[in-house]
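Engineer: This one is final_25.cif, mmCIF, C-alpha atoms.
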data_model
loop_
_atom_site.label_atom_id
_atom_site.label_comp_id
_atom_site.auth_asym_id
_atom_site.auth_seq_id
_atom_site.Cartn_x
_atom_site.Cartn_y
_atom_site.Cartn_z
CA SER A 1170 223.82 154.96 119.36
CA LEU A 1171 224.01 158.51 118.04
CA LYS A 1172 227.38 160.09 118.80
CA TYR A 1173 228.34 163.71 118.37
CA THR A 1174 231.38 165.64 119.41
CA ARG A 1175 231.11 169.24 118.26
CA PRO A 1176 234.38 170.36 116.71
CA GLU A 1177 236.53 172.39 119.09
CA LYS A 1178 237.04 175.99 118.01
CA ALA A 1179 234.22 175.57 115.50
CA GLU A 1180 234.30 179.29 114.71
CA GLU A 1181 237.80 178.83 113.29
CA LEU A 1182 236.83 176.21 110.68
CA VAL A 1183 237.55 178.39 107.66
CA GLY A 1184 240.05 178.02 104.82
CA ILE A 1185 243.08 175.79 105.39
CA THR A 1186 241.89 174.92 108.91
CA ALA A 1187 238.55 173.73 107.52
CA MET A 1188 240.29 171.74 104.77
CA GLY A 1189 242.49 169.97 107.33
CA PHE A 1190 239.53 169.23 109.58
CA LEU A 1191 237.41 167.90 106.69
CA GLY A 1192 240.31 165.82 105.36
CA GLN A 1193 240.72 164.14 108.76
CA ALA A 1194 236.97 163.58 109.09
CA LEU A 1195 236.80 161.94 105.67
CA ASP A 1196 239.88 159.81 106.41
CA ARG A 1197 238.33 158.56 109.66
CA GLY A 1198 234.95 158.09 108.03
CA LEU A 1199 231.63 159.87 108.30
CA ARG A 1200 228.68 157.85 109.58
CA LEU A 1201 225.04 158.70 110.19
CA HIS A 1202 225.36 157.83 113.88
CA GLY A 1203 228.88 159.27 114.20
CA GLY A 1204 232.10 157.98 112.67
CA GLY A 1205 235.69 158.00 113.87
CA ASP A 1206 235.39 161.62 115.01
CA SER A 1207 231.82 161.27 116.33
CA LEU A 1208 230.57 163.39 113.45
CA GLY A 1209 227.15 162.19 112.38
CA PHE A 1210 223.62 163.47 112.00
CA LEU A 1211 223.99 166.37 114.42
CA PHE A 1212 227.20 167.52 112.69
CA PHE A 1213 225.42 167.58 109.32
CA TYR A 1214 222.40 169.24 110.92
CA GLU A 1215 224.52 172.03 112.43
CA LEU A 1216 226.09 172.66 109.03
CA VAL A 1217 222.74 172.66 107.23
CA THR A 1218 221.21 175.12 109.69
CA ASP A 1219 224.30 177.37 109.71
CA SER A 1220 224.90 176.74 113.43
CA LEU A 1221 228.36 175.41 112.60
CA ARG A 1222 230.01 177.85 110.19
CA ALA A 1223 232.62 175.52 108.65
CA ARG A 1224 233.53 176.72 105.18
CA VAL A 1225 236.44 176.59 102.76
CA LEU A 1226 236.01 180.11 101.41
CA THR A 1227 234.74 182.84 103.72
CA ASP A 1228 231.57 183.37 101.66
CA ASP A 1229 230.71 179.64 101.33
CA LYS A 1230 227.43 178.36 102.72
CA PRO A 1231 227.84 175.53 105.25
CA PHE A 1232 224.60 174.11 103.77
CA ASN A 1233 226.44 173.31 100.53
CA LEU A 1234 229.26 171.63 102.43
CA ALA A 1235 226.77 169.50 104.38
CA SER A 1236 224.93 168.54 101.19
CA LEU A 1237 228.22 167.37 99.70
CA LEU A 1238 229.48 165.57 102.82
CA VAL A 1239 226.24 163.61 103.22
CA ARG A 1240 227.05 162.02 99.84
CA PHE A 1241 230.21 160.61 101.46
CA LEU A 1242 228.20 158.51 103.91
CA PRO A 1243 228.73 154.80 103.28
CA PRO A 1244 226.00 153.02 101.26
CA GLU A 1245 224.69 151.20 104.34
CA ASP A 1246 223.96 154.58 105.93
CA TRP A 1247 222.78 156.37 102.78
CA SER A 1248 220.32 153.63 101.82
CA GLN A 1249 219.00 153.25 105.36
CA ARG A 1250 215.23 153.58 105.69
CA SER A 1251 215.27 155.51 108.92
CA GLU A 1252 213.80 158.72 110.25
CA LEU A 1253 217.26 160.24 110.65
CA MET A 1254 218.39 159.48 107.11
CA SER A 1255 215.08 160.54 105.59
CA ALA A 1256 215.22 163.85 107.46
CA LEU A 1257 218.84 164.36 106.41
CA ARG A 1258 218.04 163.67 102.75
CA ALA A 1259 215.14 166.12 102.84
CA ILE A 1260 216.95 168.97 104.58
CA THR A 1261 220.06 168.74 102.39
CA GLU A 1262 217.90 169.08 99.28
CA ASP A 1263 216.24 172.41 100.10
CA TYR A 1264 218.17 175.46 101.29
CA THR A 1265 215.01 177.52 101.88
CA LEU A 1266 213.77 174.81 104.21
CA SER A 1267 217.10 174.54 106.02
CA ILE A 1268 217.13 178.20 107.07
CA ARG A 1269 213.72 177.76 108.76
CA LEU A 1270 214.75 174.71 110.80
CA PRO A 1271 215.26 175.04 114.55
CA LYS A 1272 218.87 175.31 115.65
CA TYR A 1273 220.52 172.56 117.64
CA ARG A 1274 221.63 173.78 121.05
CA HIS A 1275 224.70 172.03 122.31
CA ASP A 1276 224.18 173.39 125.81
CA THR A 1277 224.62 169.99 127.45
CA GLY A 1278 228.31 170.06 126.60
CA PRO A 1279 230.10 169.26 123.39
CA LYS A 1280 229.88 165.46 123.71
CA LEU A 1281 226.69 163.47 123.30
CA ASN A 1282 226.25 159.73 123.28
CA LEU A 1283 222.56 159.01 122.93
CA PRO A 1284 220.67 155.79 122.34
CA LYS A 1285 219.35 155.15 118.84
CA ILE A 1286 216.81 157.82 118.17
CA ASN A 1287 213.14 157.21 117.62
CA LEU A 1288 211.76 160.66 116.88
CA PHE A 1289 208.68 160.03 118.97
CA GLY A 1290 210.35 158.46 122.01
CA SER A 1291 211.54 160.17 125.19
CA LEU A 1292 212.53 163.82 125.00
CA ASP A 1293 216.14 164.74 125.73
CA SER A 1294 217.54 167.80 123.92
CA ALA A 1295 218.47 166.02 120.67
CA LYS A 1296 215.19 164.12 120.59
CA ARG A 1297 213.22 167.32 121.18
CA LEU A 1298 215.05 168.86 118.26
CA LEU A 1299 214.40 165.86 116.03
CA LYS A 1300 210.73 165.80 117.00
CA ALA A 1301 210.43 169.49 116.05
CA VAL A 1302 212.18 168.80 112.73
CA ALA A 1303 209.89 165.85 112.01
CA GLU A 1304 206.81 167.96 112.74
CA MET A 1305 208.10 170.71 110.47
CA LEU A 1306 208.92 168.30 107.65
CA GLU A 1307 205.45 166.76 107.85
CA LYS A 1308 203.97 170.21 107.11
CA GLU A 1309 206.06 170.68 103.97
CA PRO A 1310 204.10 169.18 101.03
CA HIS A 1311 207.13 168.66 98.78
CA VAL A 1312 209.07 167.08 101.65
CA ALA A 1313 206.20 164.79 102.63
CA ALA A 1314 206.11 163.43 99.07
CA PHE A 1315 209.92 163.21 99.03
CA GLY A 1316 210.00 161.38 102.36
CA LYS A 1317 207.58 158.68 101.23
CA LYS A 1318 210.25 157.47 98.82
CA TYR A 1319 212.55 156.65 101.70
CA LEU A 1320 210.42 155.42 104.59
#
Once you've parsed the file, please lay out its structure as structure tokens.
Structural biologist:
Amino acid sequence: SLKYTRPEKAEELVGITAMGFLGQALDRGLRLHGGGDSLGFLFFYELVTDSLRARVLTDDKPFNLASLLVRFLPPEDWSQRSELMSALRAITEDYTLSIRLPKYRHDTGPKLNLPKINLFGSLDSAKRLLKAVAEMLEKEPHVAAFGKKYL
């Protein structure tokens, strides 16, 4: 299942506070479907799209942090041939694409525990988002070619 718990006081994840938060997240383990802190795909997605403004220095781009943190996923997640991992690889490679992506709305509360996601299955809020992302990625020629390597 896909788990996500949005960090509390997300707007305060800057500097030392961000370093402490990231250190704990790395210690507990990051996973595509949510690790020890339930930080997974949607956490990375919020960083990539600048919806979650975690940064070490005040002028850092959360996109760069997400691109780095994705590299800390365990090999069984990173090498996964899945829609989620393929989308994550593509969006962490291209900043200009990331700023055009739809934002994730966490209006259903900060905690989500969803079944494994098939982008074209039923449409709850996360699945609607992922369907929109998939449709957008399919229209990007360089991403379509990139994605074929992984699916």
Engineer: Spell out the residues picked by the PyMOL selection byres ((chain A and resi 1222) around 9) here, as a list in words.
Structural biologist: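 In the shown coordinates, the PyMOL selection byres ((chain A and resi 1222) around 9) covers Ala1179, Glu1180, Glu1181, Leu1182, Val1183, Glu1215, Leu1216, Asp1219, Ser1220, Leu1221, Ala1223, Arg1224, Lys1230 and Pro1231 of chain A.
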Engineer: Got a sec to resolve the PyMOL selection byres ((chain A and resi 1267-1276) around 12) on this structure and send the residues as a ChimeraX atom specification?
Structural biologist: /A:1173-1176,1210-1221,1230-1233,1235-1236,1256-1266,1277-1281,1293-1306,1309,1312
Engineer: Considering all atoms listed in the file, can you say which of A:Arg1250, A:Gly1184, A:Val1225, A:Phe1241 comes closest to Gly1198 in chain A?
Structural biologist: A:Phe1241
Engineer: Expressed in Å to a single decimal, how great is the separation between CA of Pro1243 in chain A and CA of Arg1200 in chain A?
Structural biologist: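 Separation between CA of Pro1243 in chain A and CA of Arg1200 in chain A: 7.0 Å.
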